[in-house]
$ cat run01.pdb   # PDB, C-alpha atoms
MODEL        1
ATOM      1  CA  MET A1453     -77.601-308.070-393.181
ATOM      2  CA  CYS A1454     -79.442-306.567-390.252
ATOM      3  CA  GLN A1455     -77.644-305.761-387.024
ATOM      4  CA  PRO A1456     -78.605-307.672-383.850
ATOM      5  CA  SER A1457     -79.993-304.652-381.992
ATOM      6  CA  VAL A1458     -82.127-303.541-384.954
ATOM      7  CA  THR A1459     -84.006-306.798-385.575
ATOM      8  CA  PRO A1460     -85.481-307.250-382.065
ATOM      9  CA  THR A1461     -86.431-303.566-381.953
ATOM     10  CA  ALA A1462     -88.273-303.891-385.261
ATOM     11  CA  LYS A1463     -89.946-307.184-384.332
ATOM     12  CA  ALA A1464     -91.128-305.819-380.967
ATOM     13  CA  ARG A1465     -93.092-303.204-382.876
ATOM     14  CA  THR A1466     -94.047-305.375-385.861
ATOM     15  CA  ARG A1467     -92.151-302.987-388.110
ATOM     16  CA  SER A1468     -89.426-303.531-390.668
ATOM     17  CA  PRO A1469     -85.769-303.049-389.728
ATOM     18  CA  ALA A1470     -85.700-300.095-392.127
ATOM     19  CA  THR A1471     -88.547-298.451-390.199
ATOM     20  CA  ALA A1472     -86.698-299.070-386.921
ATOM     21  CA  VAL A1473     -83.559-297.410-388.299
ATOM     22  CA  LEU A1474     -85.537-294.440-389.608
ATOM     23  CA  SER A1475     -87.184-294.173-386.174
ATOM     24  CA  TRP A1476     -83.718-294.209-384.598
ATOM     25  CA  HIS A1477     -82.619-291.340-386.855
ATOM     26  CA  LEU A1478     -85.678-289.344-385.818
ATOM     27  CA  GLY A1479     -85.141-290.283-382.166
ATOM     28  CA  VAL A1480     -81.599-288.917-382.125
ATOM     29  CA  GLY A1481     -82.650-285.744-383.922
ATOM     30  CA  ASP A1482     -81.388-286.440-387.431
ATOM     31  CA  ILE A1483     -83.181-285.009-390.428
ATOM     32  CA  VAL A1484     -84.306-287.940-392.537
ATOM     33  CA  ILE A1485     -85.355-287.780-396.177
ATOM     34  CA  PRO A1486     -86.086-291.349-397.279
ATOM     35  CA  LYS A1487     -87.223-292.019-400.793
ATOM     36  CA  SER A1488     -88.883-294.831-402.650
ATOM     37  CA  VAL A1489     -91.157-295.336-405.613
ATOM     38  CA  ASN A1490     -92.589-298.475-404.029
ATOM     39  CA  SER A1491     -95.901-297.674-402.294
ATOM     40  CA  HIS A1492     -95.341-300.294-399.561
ATOM     41  CA  ARG A1493     -91.941-298.807-398.692
ATOM     42  CA  LEU A1494     -93.364-295.293-398.774
ATOM     43  CA  ARG A1495     -95.906-296.335-396.124
ATOM     44  CA  GLU A1496     -93.129-297.965-394.072
ATOM     45  CA  ASN A1497     -91.047-294.794-394.289
ATOM     46  CA  LEU A1498     -93.963-292.661-393.083
ATOM     47  CA  ALA A1499     -94.652-295.121-390.247
ATOM     48  CA  ALA A1500     -91.224-294.349-388.782
ATOM     49  CA  SER A1501     -92.615-291.099-387.376
ATOM     50  CA  GLU A1502     -95.180-293.113-385.390
ATOM     51  CA  VAL A1503     -92.545-295.224-383.599
ATOM     52  CA  THR A1504     -90.873-293.937-380.452
ATOM     53  CA  LEU A1505     -87.848-295.950-379.390
ATOM     54  CA  SER A1506     -86.802-296.198-375.758
ATOM     55  CA  GLN A1507     -83.532-294.637-374.666
ATOM     56  CA  ASP A1508     -82.028-298.137-374.330
ATOM     57  CA  GLU A1509     -83.024-298.957-377.920
ATOM     58  CA  LEU A1510     -81.643-295.646-379.184
ATOM     59  CA  ASP A1511     -78.382-296.318-377.316
ATOM     60  CA  ALA A1512     -78.136-299.891-378.645
ATOM     61  CA  ILE A1513     -78.485-298.760-382.245
ATOM     62  CA  THR A1514     -76.158-295.802-381.694
ATOM     63  CA  ALA A1515     -73.538-298.237-380.344
ATOM     64  CA  LEU A1516     -73.429-299.929-383.756
ATOM     65  CA  GLU A1517     -71.400-296.997-385.115
ATOM     66  CA  SER A1518     -68.016-298.351-386.142
ATOM     67  CA  GLY A1519     -66.733-295.384-388.107
ATOM     68  CA  VAL A1520     -66.603-297.524-391.245
ATOM     69  CA  ARG A1521     -68.908-296.913-394.200
ATOM     70  CA  ILE A1522     -70.893-300.040-395.129
ATOM     71  CA  ALA A1523     -72.577-298.593-398.202
ATOM     72  CA  PRO A1524     -71.198-296.809-401.247
ATOM     73  CA  ASP A1525     -70.097-293.226-400.659
ATOM     74  CA  PRO A1526     -72.736-290.972-402.238
ATOM     75  CA  ALA A1527     -70.007-288.548-403.266
ATOM     76  CA  GLU A1528     -68.461-291.295-405.389
ATOM     77  CA  ALA A1529     -71.672-292.833-406.742
ATOM     78  CA  ALA A1530     -72.325-292.722-410.452
ATOM     79  CA  PHE A1531     -75.675-291.022-410.885
ATOM     80  CA  THR A1532     -77.777-291.741-413.911
ATOM     81  CA  GLN A1533     -80.434-289.480-415.327
ATOM     82  CA  MET A1534     -83.934-290.801-415.667
TER      83      MET A1534
ENDMDL
END

$ encode --input "run01.pdb" --output "structure tokens"
Amino acid sequence: MCQPSVTPTAKARTRSPATAVLSWHLGVGDIVIPKSVNSHRLRENLAASEVTLSQDELDAITALESGVRIAPDPAEAAFTQM
């Protein structure tokens, strides 16, 4: 489920929501190391560096922080070897 402030930001730039979120991370100064084996997603991930979000867009996405994890905790994930 995509958050309301992410979808319009992505659509305004004809990018995916994932690219918009990666662009947000870069815009706020986070170090981002996305990964994928899918060539389409790899291109999307690289495109995040080409997107500059406005301060209002950065603030809107930053405001989504609720302090609650919405994905599994990596420290508790069961990793499998390939």

$ residues_around --input "run01.pdb" --residues "region 1511-1521 of chain A" --least-positions-apart "2" --cutoff "7 Å" --atoms "only C-alpha atoms" --output "MDAnalysis selection string"
chainID A and resid 1457:1458 1507:1509 1523

$ write_last_selection --input "run01.pdb" --atoms "C-alpha atoms" --output "tab-separated table (two decimals), keeping the file's coordinate frame"
chain	number	residue	atom	x	y	z
A	1457	SER	CA	-79.99	-304.65	-381.99
A	1458	VAL	CA	-82.13	-303.54	-384.95
A	1507	GLN	CA	-83.53	-294.64	-374.67
A	1508	ASP	CA	-82.03	-298.14	-374.33
A	1509	GLU	CA	-83.02	-298.96	-377.92
A	1523	ALA	CA	-72.58	-298.59	-398.20

$ residues_around --input "run01.pdb" --residues "Thr1466 (chain A)" --least-positions-apart "4" --cutoff "12 Å" --atoms "only C-alpha atoms" --output "VMD selection string"
chain A and resid 1459 to 1462 1470 to 1472 1496 1499 to 1500 1503

$ atom_distance --input "run01.pdb" --atom1 "CA of His1492 (chain A)" --atom2 "CA of Ala1527 (chain A)"
28.2 Å

$ closest_residue --input "run01.pdb" --among "A:Asn1497, A:Leu1510, A:Asn1490, A:Glu1528" --to "Leu1474 (chain A)" --atoms "all atoms listed in the file"
A:Asn1497

$ atom_distance --input "run01.pdb" --atom1 "CA of Ile1485 (chain A)" --atom2 "CA of Glu1502 (chain A)"
15.5 Å

$ closest_residue --input "run01.pdb" --among "A:Leu1494, A:Val1489, A:Ile1522, A:Leu1505" --to "Ser1475 (chain A)" --atoms "all atoms listed in the file"
A:Leu1505

$ atom_distance --input "run01.pdb" --atom1 "CA of Thr1504 (chain A)" --atom2 "CA of Pro1526 (chain A)"
28.5 Å

$ closest_residue --input "run01.pdb" --among "A:Arg1495, A:Val1480, A:Pro1486, A:Asp1525" --to "Ser1468 (chain A)" --atoms "all atoms listed in the file"
A:Arg1495

$ closest_residue --input "run01.pdb" --among "A:Ser1506, A:Ser1501, A:Gly1479, A:Val1484" --to "Arg1467 (chain A)" --atoms "all atoms listed in the file"
A:Ser1501

$ axis_aligned_box --input "run01.pdb" --around "region 1484-1495 of chain A" --padding-each-side "4 Å" --output "lines of an AutoDock Vina configuration file"
center_x = -90.1
center_y = -294.0
center_z = -399.1
size_x = 19.6
size_y = 20.5
size_z = 21.1
